[in-house]
Amino acid sequence: MFSLTPTGTTGVHYEIFVRSFYDSNGDGIGDLNGVTSKLDYLHDLGIRAIWFMPINPSPTYHKYDITDFYGIDPEYGTLDDFRRLVSEAHNRGIAVLMDLVIHHTSIRHPWFLEAKKGPDNPYRAFYKWLPPAEITRRKLATRDITADSGERSPWHYALGDDTKNPATEKYYGMFWSGMPDLNFDHRPLREEVYKIARYWLTEVGVDGFRLDAARHLYRESEEPKNHQFWEEFGQVVQVAKPGAYLVGEVWTRPDRVAPYFRGLQANFNFDLALELETAINRSTDSGDLMSFLADTHAAYATANPDFIDALILSNHDQNRIGSLLNGNIDKLKVAANLLLTLPGNPYLYYGEEIGMLGLKPDEYIREPFLWDMGKQDSHRARLGAGRPARYSTSRTVRPLAQQQNDPHSLYSHYKRLIAFRNGHAILNDNRSRLVLTGIRQRGIVAFGRQSTGGARILVLHNLSAQPIDVVFSPDEAGYRQLIFSTTTGARVLDAGVRVPGYGCVVMT
């Protein structure tokens, strides 16, 4: 059985929106065979696991409203195509993680179509309902209808938006009327979800899941029920496939993220992504970033000392880091330096390694990967219905083909940095821990990494354009060997080290 050691504890992961990655058959839609054809590219970049955004059948382009949890969307290919992709990825030492969307279904899912038939239907309790009598009694008081997300009422009419029909009932759909929430208080629903997870792990061979909206299975007032469910889910998954990796989408303050680590090995650190953007744009840091991260990790450790911090610069729900840093290649290299040296499991959002741009709405942060120039890029996917890219075009971003042979390109920077990370025992240990330093100099981010075995390294980042001579405190006096620098000009000094502008150095 394929396994990393186990999945998630080492290596760099890569998020792919299949529709926008690579089109293998010329229909303008990226597909699974297209991803398979690019596995050598990902392996050469140094990627050790792929996270796929949803690939199940769905009526939308993003596919977060699933109609069949056991199928593959025909736009992307077939189940045999996906099995072949998983096998080929494993042959290259690359794990495969699926986006498991169990918070809700599509309104076109057979479960919901059955549930709408009435209170006596066996699928009725798979969803959350507000019957007509209850609607009248409550008069939909604000406290009853306000979604945790702060959006408009999450209660939607089951037979269309018929506010004048007193017989019309409502169902709960936190994010959108097209995605009704599932009812995890109903044991048969839970068992169906576990069956789905087992199927993909044991019969198809995936290595784990990214868990969409993990914090919102229950409303905020019932959040401890979320923790209980994910502990139970984690146990089911480990029985089905020991070592399978679970990473959650949980965005809240660190002490409230922490309990999710009791069931999930990893959760995304969204607040850190915001802190990184701010520090890089300001080109200055006095240690606040590391203090924030230390406090965050201390909170996580209270729930699970073996937590894995899942690190991102951006993803499919957020403005791309390329645009947030105004396409500045030097600053994008600094972002890569931080992402790939901080303690945790780094995730690249497809195209970050070539500096792709994108600002909301969502379609424009999910634009097609730029493989080559214009007409030469005959297999470039379209976003949908012929919609042209707005931000990432060959006029605004250098395509991969132009960057691969340029040793100074952003792509080459990522590749060299990932190769060093993959080959270094401490950096590649995604459970190695943060060590604070006594270094407090404007423009410098400094931290130590300590392996599970106790070995340490020192990492220093220069956020500014000019070289900085970093003066060590007594705590760093023992670091005298420079083992890696992202650019030229670094050298060890009598009492510290010179860090080139926008550079990163690693010392032992």
# chains A, B, ... in the order shown; residues from 1 in each chain; ligands from 1
$ select_by_dssp --residues "range 79-265 of chain A" --states "helix (DSSP H, G or I)" --output "MDAnalysis selection string"
chainID A and resid 79:91 110:115 124:126 132:138 142:145 187:204 214:216 220:240 254:262
$ select_by_dssp --residues "range 4-119 of chain A" --states "strand (DSSP E)" --output "MDAnalysis selection string"
chainID A and resid 12:16 47:52 95:100
$ write_last_selection --atoms "C-alpha atoms" --output "PDB file, in the first residue's frame"
ATOM      1  CA  VAL A  12       5.213  20.200   0.148  1.00  0.00           C
ATOM      2  CA  HIS A  13       1.579  19.945  -1.000  1.00  0.00           C
ATOM      3  CA  TYR A  14      -0.019  21.496  -4.095  1.00  0.00           C
ATOM      4  CA  GLU A  15      -3.649  22.584  -4.553  1.00  0.00           C
ATOM      5  CA  ILE A  16      -5.198  22.019  -7.994  1.00  0.00           C
ATOM      6  CA  ILE A  47       5.721  18.226  -4.782  1.00  0.00           C
ATOM      7  CA  ARG A  48       4.881  15.316  -2.461  1.00  0.00           C
ATOM      8  CA  ALA A  49       1.068  15.520  -2.331  1.00  0.00           C
ATOM      9  CA  ILE A  50      -1.755  16.995  -4.419  1.00  0.00           C
ATOM     10  CA  TRP A  51      -4.976  18.388  -2.991  1.00  0.00           C
ATOM     11  CA  PHE A  52      -7.772  18.361  -5.554  1.00  0.00           C
ATOM     12  CA  ALA A  95       0.083  11.366  -2.414  1.00  0.00           C
ATOM     13  CA  VAL A  96      -3.460  12.330  -3.447  1.00  0.00           C
ATOM     14  CA  LEU A  97      -5.891  14.246  -1.220  1.00  0.00           C
ATOM     15  CA  MET A  98      -9.519  14.826  -2.210  1.00  0.00           C
ATOM     16  CA  ASP A  99     -11.690  17.746  -1.207  1.00  0.00           C
ATOM     17  CA  LEU A 100     -14.402  16.030   0.841  1.00  0.00           C
TER      18      LEU A 100
END
$ closest_atom_pairs --of "range 408-505 of chain A" --to "range 348-360 of chain A" --cutoff "8 Å" --atoms "only C-alpha atoms" --output "CSV"
residue,atom,partner,partner_atom,distance
A:Leu410,CA,A:Ile354,CA,5.8
A:Tyr411,CA,A:Glu353,CA,5.0
A:Tyr414,CA,A:Glu353,CA,6.1
$ residues_around --residues "range 73-87 of chain A" --least-positions-apart "4" --cutoff "6 Å" --atoms "only C-alpha atoms" --output "PyMOL selection string"
chain A and resi 31-32+36+55-57
$ residues_around --residues "Pro254 in chain A" --least-positions-apart "5" --cutoff "9 Å" --atoms "only C-alpha atoms" --output "list in words"
Asn269, Asp271, Asp295, Thr296, His297, Ala298, Ala299 and Tyr300 of chain A
$ residues_around --residues "Ala465 in chain A" --least-positions-apart "3" --cutoff "9 Å" --atoms "only C-alpha atoms" --output "list of chain:residue names"
A:Ser283, A:Asp330, A:Asn462, A:Pro500, A:Gly501, A:Tyr502, A:Gly503
$ write_last_selection --atoms "N, CA and C atoms" --output "PDB file, in the first residue's frame"
ATOM      1  N   SER A 283       7.692  45.374   4.496  1.00  0.00           N
ATOM      2  CA  SER A 283       9.143  45.137   4.479  1.00  0.00           C
ATOM      3  C   SER A 283       9.783  45.373   5.834  1.00  0.00           C
ATOM      4  N   ASP A 330      10.439  40.221  -6.390  1.00  0.00           N
ATOM      5  CA  ASP A 330      11.298  40.142  -5.206  1.00  0.00           C
ATOM      6  C   ASP A 330      10.482  39.794  -3.962  1.00  0.00           C
ATOM      7  N   ASN A 462      15.335  38.468   5.139  1.00  0.00           N
ATOM      8  CA  ASN A 462      15.440  39.914   4.962  1.00  0.00           C
ATOM      9  C   ASN A 462      14.255  40.365   4.112  1.00  0.00           C
ATOM     10  N   PRO A 500      21.373  38.979   2.410  1.00  0.00           N
ATOM     11  CA  PRO A 500      21.162  39.842   1.239  1.00  0.00           C
ATOM     12  C   PRO A 500      19.729  40.374   1.186  1.00  0.00           C
ATOM     13  N   GLY A 501      19.549  41.450   0.427  1.00  0.00           N
ATOM     14  CA  GLY A 501      18.225  42.006   0.235  1.00  0.00           C
ATOM     15  C   GLY A 501      17.261  40.983  -0.326  1.00  0.00           C
ATOM     16  N   TYR A 502      16.079  40.901   0.274  1.00  0.00           N
ATOM     17  CA  TYR A 502      15.037  39.949  -0.080  1.00  0.00           C
ATOM     18  C   TYR A 502      15.515  38.490  -0.022  1.00  0.00           C
ATOM     19  N   GLY A 503      16.556  38.249   0.759  1.00  0.00           N
ATOM     20  CA  GLY A 503      17.136  36.907   0.828  1.00  0.00           C
ATOM     21  C   GLY A 503      16.744  36.155   2.064  1.00  0.00           C
TER      22      GLY A 503
END
$ closest_residue --among "A:Arg421, A:Arg491, A:Lys128, A:Arg256" --to "Pro154 in chain A" --atoms "only C-alpha atoms"
A:Lys128
$ closest_residue --among "A:Thr486, A:Leu434, A:Pro361, A:Val492" --to "Ala336 in chain A" --atoms "only C-alpha atoms"
A:Thr486
$ residues_around --residues "Arg433 in chain A" --least-positions-apart "4" --cutoff "6 Å" --atoms "only C-alpha atoms" --output "list in words"
Pro343, Arg449 and Gln450 of chain A
$ write_last_selection --atoms "C-alpha atoms" --output "compact mmCIF listing (two decimals), in the first residue's frame"
# COMPACT_ATOMS: atom_id res chain seq x y z
CA PRO A 343 7.42 25.16 10.68
CA ARG A 449 13.41 25.12 13.81
CA GLN A 450 13.80 22.17 16.16
$ decode --residues "range 313-369 of chain A" --atoms "C-alpha atoms" --output "mmCIF file, in the first residue's frame"
data_model
loop_
_atom_site.group_PDB
_atom_site.id
_atom_site.type_symbol
_atom_site.label_atom_id
_atom_site.label_comp_id
_atom_site.auth_asym_id
_atom_site.auth_seq_id
_atom_site.Cartn_x
_atom_site.Cartn_y
_atom_site.Cartn_z
ATOM 1 C CA LEU A 313 -0.047 32.172 1.056
ATOM 2 C CA SER A 314 -3.447 32.086 -0.672
ATOM 3 C CA ASN A 315 -5.961 29.552 -1.968
ATOM 4 C CA HIS A 316 -9.073 29.192 -4.120
ATOM 5 C CA ASP A 317 -11.163 31.326 -1.733
ATOM 6 C CA GLN A 318 -8.720 34.205 -1.291
ATOM 7 C CA ASN A 319 -7.107 36.868 -3.432
ATOM 8 C CA ARG A 320 -3.924 35.493 -4.938
ATOM 9 C CA ILE A 321 -0.671 36.411 -3.204
ATOM 10 C CA GLY A 322 0.647 37.545 -6.606
ATOM 11 C CA SER A 323 -1.873 40.383 -6.692
ATOM 12 C CA LEU A 324 -1.653 41.139 -2.970
ATOM 13 C CA LEU A 325 2.072 41.794 -3.479
ATOM 14 C CA ASN A 326 1.379 43.741 -6.697
ATOM 15 C CA GLY A 327 3.263 41.251 -8.853
ATOM 16 C CA ASN A 328 6.576 42.283 -7.265
ATOM 17 C CA ILE A 329 8.852 39.297 -7.986
ATOM 18 C CA ASP A 330 11.298 40.142 -5.206
ATOM 19 C CA LYS A 331 8.499 40.161 -2.644
ATOM 20 C CA LEU A 332 7.003 37.004 -4.115
ATOM 21 C CA LYS A 333 10.370 35.327 -3.587
ATOM 22 C CA VAL A 334 10.297 36.482 0.050
ATOM 23 C CA ALA A 335 6.801 34.977 0.362
ATOM 24 C CA ALA A 336 8.121 31.681 -1.015
ATOM 25 C CA ASN A 337 11.058 31.826 1.408
ATOM 26 C CA LEU A 338 8.747 32.192 4.390
ATOM 27 C CA LEU A 339 6.185 29.624 3.257
ATOM 28 C CA LEU A 340 8.828 26.959 2.672
ATOM 29 C CA THR A 341 10.927 27.488 5.795
ATOM 30 C CA LEU A 342 8.360 28.161 8.531
ATOM 31 C CA PRO A 343 7.423 25.158 10.679
ATOM 32 C CA GLY A 344 4.453 23.279 9.245
ATOM 33 C CA ASN A 345 3.135 21.700 6.057
ATOM 34 C CA PRO A 346 3.282 24.227 3.175
ATOM 35 C CA TYR A 347 0.628 24.295 0.445
ATOM 36 C CA LEU A 348 1.169 25.932 -2.948
ATOM 37 C CA TYR A 349 -1.932 27.092 -4.775
ATOM 38 C CA TYR A 350 -1.499 26.115 -8.432
ATOM 39 C CA GLY A 351 0.329 28.853 -10.340
ATOM 40 C CA GLU A 352 1.847 30.545 -7.286
ATOM 41 C CA GLU A 353 5.205 29.197 -8.410
ATOM 42 C CA ILE A 354 4.993 31.312 -11.581
ATOM 43 C CA GLY A 355 3.433 34.371 -9.923
ATOM 44 C CA MET A 356 -0.152 34.060 -11.146
ATOM 45 C CA LEU A 357 -2.420 36.983 -10.278
ATOM 46 C CA GLY A 358 -6.059 37.160 -9.260
ATOM 47 C CA LEU A 359 -8.574 39.177 -7.274
ATOM 48 C CA LYS A 360 -12.143 38.270 -6.377
ATOM 49 C CA PRO A 361 -14.775 37.435 -7.522
ATOM 50 C CA ASP A 362 -13.832 33.779 -7.230
ATOM 51 C CA GLU A 363 -13.684 33.012 -10.957
ATOM 52 C CA TYR A 364 -10.716 35.364 -11.281
ATOM 53 C CA ILE A 365 -8.667 33.764 -8.517
ATOM 54 C CA ARG A 366 -9.141 30.395 -10.281
ATOM 55 C CA GLU A 367 -7.913 31.326 -13.743
ATOM 56 C CA PRO A 368 -6.132 28.827 -16.025
ATOM 57 C CA PHE A 369 -2.504 27.910 -15.428
#
